[in-house]
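Engineer: Submitted below is the structure of interest, expressed as structure tokens.
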Number of protein chains: 2
Amino acid sequence: MNEARRKPISNAHRAVLQLREMIFSGELAAGSDHLETELADRLGMSRTPVREAALLLESQGLLEMRPRKGVRILPVSAEDMREVYDVLTELESLAAERAAERGLTEQDLAALHAAIDDMERAISADDLEAWAAADDRFHAELVRLGGNSRIRMIVAMMSDQVRRAKASTLFLRPVPVKSNEDHRAVYAAILAGDPATARRIHRNHRRQARDVLTGILEQMRLRTL
Amino acid sequence: MNEARRKPISNAHRAVLQLREMIFSGELAAGSDHLETELADRLGMSRTPVREAALLLESQGLLEMRPRKGVRILPVSAEDMREVYDVLTELESLAAERAAERGLTEQDLAALHAAIDDMERAISADDLEAWAAADDRFHAELVRLGGNSRIRMIVAMMSDQVRRAKASTLFLRPVPVKSNEDHRAVYAAILAGDPATARRIHRNHRRQARDVLTGILEQMRLRTL
DNA sequence: GCGTAATTTTGTGTATGCATTAATAAACGC
DNA sequence: GCGTTTATTAATGCATACACAAAATTACGC
């Protein structure tokens with residue numbers, strides 16, 4: 001399951017986690033620049049581990065290091081989301097297909113099922129944040145079941161980029177009722193060992209999600225930028 | 001085209017290039033360990049830029065940094081290649097599909113066509129190295145034409161991993177004659193604006209490549225490990 | 001001899017200092 | 001005043017120093 005959590009708890013690692021959190025929370029605004037020294041001060045460590053963290057986050061596409069200008073928190077455009085969703089669509093669909101090929105039992109799929117139930121509950125309770133969290137869990141678990149560690153890594157990376165865009169559009173999006181139908185159908189197809197169906201449904205699911213999100217981002221852009 | 005080549009020529013960047021080269025050439029053998037200090041000495045610089053380079057290469061999956069054990073050059077297993085090819089298959093197929101959707105002209109596809117011709121020529125001349133290089137160019141160009149920068153990045157990353165496996169199996173693999181038929185068919189489908197065909201053919205192409213390579217790797221493993 | 005504790009060695013993670021050079025401000029000619 | 005050149009400032013990239021902890025080695029008890 002969690003195969004690689006042996007890296008102690010270096011400052012560099014803490015810097016990665018904290019910077020990510022600061023980016024997701026908006027404390028480091030999209031498009032803003034920050035000197036290495038400033039970040040080091042804010043995190044209470046020297047430039048070295050901050051630099052290493054920034055290097056990693058740069059490779060993940062969350063920020064960009066520009067000599068003398070500081071690290072720039074990358075903004076997320078509708079075009080970016082189109083790219084990201086295209087990747088997610090392909091790789092998650094494959095994961096669903098592969099998961100369905102493996103003859104998994106209800107027990108294996110327990111976490112997936114739990115995520116679906118959580119989403120249902122969150123919708124009933126009108127708790128969009130909880131819904132988003134459960135939705136993330138569903139997708140992460142689906143990819144895990146696909147059994148390809150590289151897909152898991154890439155999807156996690158792309159999901160991070162999506163998460164930022166979603167955070168700002170969460171309350172603008174329609175309540176995702178239809179969405180959970182898809183989730184249940186994917187679940188059923190995997191349990192039934194039907195790869196083609198699992199793939200097809202998840203694919204359409206992601207396609208729609210992409211269109212909804214990019215649509216909203218484009219509207220927002222017209223108003224705010 | 002080359003959108004981001006403004007990074008000067010830092011030592012860190014040189015370290016990335018040189019380490020990559022050393023890994024591909026086998027100068028740093030798969031599975032071997034190397035202390036940061038050793039690498040720094042060999043590259044004629046201090047540990048700092050070497051460390052930054054290693055961090056990047058770690059995120060690319062070429063090596064692993066283990067506290068006190070040194071930098072381990074990751075070996076490539078058949079299972080790894082199966083994962084990598086699955087990713088390549090999905091993303092390159094999408095790139096082919098997207099390329100076909102864009103209504104590209106013969107001129108736009110010139111580089112792709114050139115790569116195909118080069119492969120043909122290399123096969124006639126029995127120059128497997130040249131063929132491999134041209135094949136790489138074909139795939140890189142195809143992905144470029146797909147117009148998704150993230151796919152380009154991921155494919156480049158995965159291709160690096162494949163390149164290492166290919167280097168050791170190049171002369172074991174059958175001469176790829178059928179392969180170029182696929183390439184030409186993909187080319188034709190893109191030019192004709194037929195996304196579905198472009199996708200389907202490229203998909204099968206990659207699937208076969210995967211089976212050939214993993215098959216050989218498994219055989220090798222039986223003998224050498 | 002052999003298992004265990006003490007000691008030394010060694011590599012990493014981090015802090016720090018500094019040279020380089022880009023960016024900015026100041027000085028200057030016109 | 002304004003464009004150009006020079007001086008100043010400041011941020012990075014890198015080298016270096018060092019503390020800490022893991023590993024290896026030795027010393028020791030039995």
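Each chain in the structure tokens gets a letter, A, B and so on, in the order shown; residues start at 1 in every chain, and ligands are counted from 1 in the order they appear.
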Each residue of chain D with at least one atom at most 10 Å from chain A should appear once, together with its nearest atom pair and the corresponding distance in Å (one decimal); atoms considered: only C-alpha atoms (C1' of nucleotides); ordering: chain, then increasing residue number; output as a tab-separated table.

Structural biologist:
residue	atom	partner	partner_atom	distance
D:DA10	C1'	A:Arg68	CA	8.9
D:DA11	C1'	A:Arg68	CA	5.2
D:DT12	C1'	A:Arg68	CA	6.1
D:DG13	C1'	A:Pro67	CA	9.4

Engineer: Compute the set of chain C residues within 8 Å of chain A, using only C-alpha atoms (C1' of nucleotides), and express it as a list of chain:residue names.

Structural biologist: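 Within 8 Å of chain A on chain C, we get C:DG13, C:DT14, C:DA15, C:DA22.
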
Engineer: I need the residue nearest Ala130 of chain A from this list: A:Ala192, A:Leu170, A:Met158, A:Ala29. Use only C-alpha atoms for the distance.

Structural biologist: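 Between A:Ala192, A:Leu170, A:Met158, A:Ala29, the residue approaching Ala130 of chain A most closely is A:Leu170.
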
Engineer: With the cut-off set at 8 Å and counting only C-alpha atoms, tabulate each residue of chain B with an atom at most that distance from an atom of chain A, showing the nearest atom pair and its distance in Å to one decimal, ordered by chain and increasing number, as JSON lines.

Structural biologist:
{"residue": "B:Glu52", "atom": "CA", "partner": "A:Glu52", "partner_atom": "CA", "distance": 6.7}
{"residue": "B:Leu55", "atom": "CA", "partner": "A:Leu56", "partner_atom": "CA", "distance": 7.4}
{"residue": "B:Leu56", "atom": "CA", "partner": "A:Leu56", "partner_atom": "CA", "distance": 6.9}
{"residue": "B:Ser59", "atom": "CA", "partner": "A:Leu56", "partner_atom": "CA", "distance": 7.4}
{"residue": "B:Glu83", "atom": "CA", "partner": "A:Asn148", "partner_atom": "CA", "distance": 5.8}
{"residue": "B:Val84", "atom": "CA", "partner": "A:Arg150", "partner_atom": "CA", "distance": 7.1}
{"residue": "B:Val87", "atom": "CA", "partner": "A:Ile151", "partner_atom": "CA", "distance": 6.8}
{"residue": "B:Glu90", "atom": "CA", "partner": "A:Glu90", "partner_atom": "CA", "distance": 6.0}
{"residue": "B:Leu91", "atom": "CA", "partner": "A:Glu90", "partner_atom": "CA", "distance": 6.8}
{"residue": "B:Leu94", "atom": "CA", "partner": "A:Glu90", "partner_atom": "CA", "distance": 7.7}
{"residue": "B:Asn148", "atom": "CA", "partner": "A:Glu83", "partner_atom": "CA", "distance": 5.8}
{"residue": "B:Ser149", "atom": "CA", "partner": "A:Glu83", "partner_atom": "CA", "distance": 7.5}
{"residue": "B:Arg150", "atom": "CA", "partner": "A:Glu83", "partner_atom": "CA", "distance": 6.7}
{"residue": "B:Ile151", "atom": "CA", "partner": "A:Val87", "partner_atom": "CA", "distance": 6.8}

Engineer: Using all heavy atoms, can you export the residues from the last selection as a short mmCIF file (atom, residue, chain, number, x, y, z; two decimals), in the first residue's frame?

Structural biologist:
data_model
loop_
_atom_site.label_atom_id
_atom_site.label_comp_id
_atom_site.auth_asym_id
_atom_site.auth_seq_id
_atom_site.Cartn_x
_atom_site.Cartn_y
_atom_site.Cartn_z
N GLU B 52 21.27 18.85 -6.50
CA GLU B 52 20.09 19.38 -7.19
C GLU B 52 19.78 18.56 -8.42
O GLU B 52 18.62 18.25 -8.70
CB GLU B 52 20.32 20.85 -7.56
CG GLU B 52 20.40 21.76 -6.34
CD GLU B 52 20.49 23.23 -6.70
OE1 GLU B 52 20.61 23.55 -7.89
OE2 GLU B 52 20.44 24.07 -5.77
N LEU B 55 18.30 15.24 -7.43
CA LEU B 55 16.91 15.41 -6.99
C LEU B 55 15.98 15.41 -8.20
O LEU B 55 14.91 14.78 -8.18
CB LEU B 55 16.80 16.76 -6.26
CG LEU B 55 16.50 16.82 -4.76
CD1 LEU B 55 16.54 15.48 -4.07
CD2 LEU B 55 17.39 17.82 -4.08
N LEU B 56 16.40 16.10 -9.24
CA LEU B 56 15.58 16.14 -10.45
C LEU B 56 15.49 14.76 -11.08
O LEU B 56 14.40 14.27 -11.40
CB LEU B 56 16.16 17.13 -11.46
CG LEU B 56 15.36 17.21 -12.76
CD1 LEU B 56 14.01 17.87 -12.50
CD2 LEU B 56 16.12 17.96 -13.84
N SER B 59 13.15 12.54 -9.39
CA SER B 59 11.74 12.80 -9.70
C SER B 59 11.39 12.27 -11.09
O SER B 59 10.23 12.06 -11.41
CB SER B 59 11.43 14.28 -9.61
OG SER B 59 11.79 14.94 -10.81
N GLU B 83 4.71 -1.02 -17.27
CA GLU B 83 4.06 0.20 -16.77
C GLU B 83 4.33 1.39 -17.69
O GLU B 83 3.42 2.12 -18.07
CB GLU B 83 4.58 0.53 -15.36
CG GLU B 83 4.10 -0.40 -14.28
CD GLU B 83 4.24 0.21 -12.89
OE1 GLU B 83 4.53 1.43 -12.79
OE2 GLU B 83 4.04 -0.50 -11.91
N VAL B 84 5.59 1.55 -18.02
CA VAL B 84 5.97 2.70 -18.85
C VAL B 84 5.27 2.65 -20.20
O VAL B 84 4.75 3.66 -20.68
CB VAL B 84 7.50 2.72 -19.03
CG1 VAL B 84 7.89 3.68 -20.14
CG2 VAL B 84 8.18 3.11 -17.73
N VAL B 87 1.67 3.70 -20.13
CA VAL B 87 1.52 5.15 -20.13
C VAL B 87 1.78 5.71 -21.52
O VAL B 87 1.00 6.53 -22.04
CB VAL B 87 2.49 5.81 -19.11
CG1 VAL B 87 2.47 7.32 -19.24
CG2 VAL B 87 2.14 5.38 -17.70
N GLU B 90 -1.13 5.07 -24.03
CA GLU B 90 -2.30 5.95 -23.86
C GLU B 90 -2.02 7.35 -24.33
O GLU B 90 -2.79 7.94 -25.10
CB GLU B 90 -2.72 5.98 -22.39
CG GLU B 90 -3.19 4.66 -21.84
CD GLU B 90 -4.40 4.12 -22.58
OE1 GLU B 90 -5.33 4.89 -22.85
OE2 GLU B 90 -4.39 2.92 -22.91
N LEU B 91 -0.92 7.90 -23.85
CA LEU B 91 -0.68 9.33 -24.11
C LEU B 91 -0.27 9.60 -25.56
O LEU B 91 -0.70 10.60 -26.15
CB LEU B 91 0.36 9.87 -23.14
CG LEU B 91 -0.08 9.82 -21.67
CD1 LEU B 91 0.93 10.54 -20.79
CD2 LEU B 91 -1.46 10.42 -21.48
N LEU B 94 -3.33 9.40 -27.75
CA LEU B 94 -4.12 10.63 -27.68
C LEU B 94 -3.46 11.72 -28.50
O LEU B 94 -4.14 12.48 -29.21
CB LEU B 94 -4.28 11.09 -26.23
CG LEU B 94 -5.04 12.40 -26.08
CD1 LEU B 94 -6.46 12.27 -26.60
CD2 LEU B 94 -5.05 12.88 -24.63
N ASN B 148 -0.03 19.02 -26.66
CA ASN B 148 -0.27 19.05 -25.21
C ASN B 148 1.09 18.99 -24.52
O ASN B 148 1.78 17.98 -24.52
CB ASN B 148 -1.14 17.85 -24.81
CG ASN B 148 -1.46 17.83 -23.32
OD1 ASN B 148 -0.62 18.14 -22.48
ND2 ASN B 148 -2.69 17.47 -23.00
N SER B 149 1.45 20.10 -23.88
CA SER B 149 2.81 20.22 -23.34
C SER B 149 3.05 19.24 -22.20
O SER B 149 4.17 18.79 -21.98
CB SER B 149 3.06 21.65 -22.87
OG SER B 149 2.27 21.93 -21.74
N ARG B 150 2.01 18.93 -21.46
CA ARG B 150 2.19 17.98 -20.35
C ARG B 150 2.42 16.58 -20.88
O ARG B 150 3.25 15.83 -20.35
CB ARG B 150 0.97 18.01 -19.44
CG ARG B 150 1.06 19.16 -18.45
CD ARG B 150 -0.31 19.64 -17.99
NE ARG B 150 -0.49 21.02 -18.41
CZ ARG B 150 -0.27 22.08 -17.62
NH1 ARG B 150 0.10 21.90 -16.38
NH2 ARG B 150 -0.42 23.30 -18.07
N ILE B 151 1.70 16.22 -21.91
CA ILE B 151 1.93 14.91 -22.51
C ILE B 151 3.36 14.85 -23.03
O ILE B 151 4.06 13.85 -22.86
CB ILE B 151 0.93 14.65 -23.65
CG1 ILE B 151 -0.48 14.46 -23.06
CG2 ILE B 151 1.34 13.43 -24.47
CD1 ILE B 151 -1.51 14.05 -24.08
#

Engineer: Run DSSP on the backbone and tell me which residues of segment 6-191 of chain B come out as helix (DSSP H, G or I); list them as a PyMOL selection string.

Structural biologist: chain B and resi 11-25+36-43+47-59+78-101+110-124+128-146+149-169+177-191

Engineer: I'd like the contact shell of Val177 of chain A - 12 Å cut-off, only C-alpha atoms (C1' of nucleotides), skipping same-chain residues fewer than 5 positions apart - returned as a list in words.

Structural biologist: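 The residues satisfying every condition are Ile116, Met119, Glu120, Arg121, Ala122, Ile123, Ser124, Asp126, Leu128, Trp131, Asp182, His183 and Arg184 of chain A.
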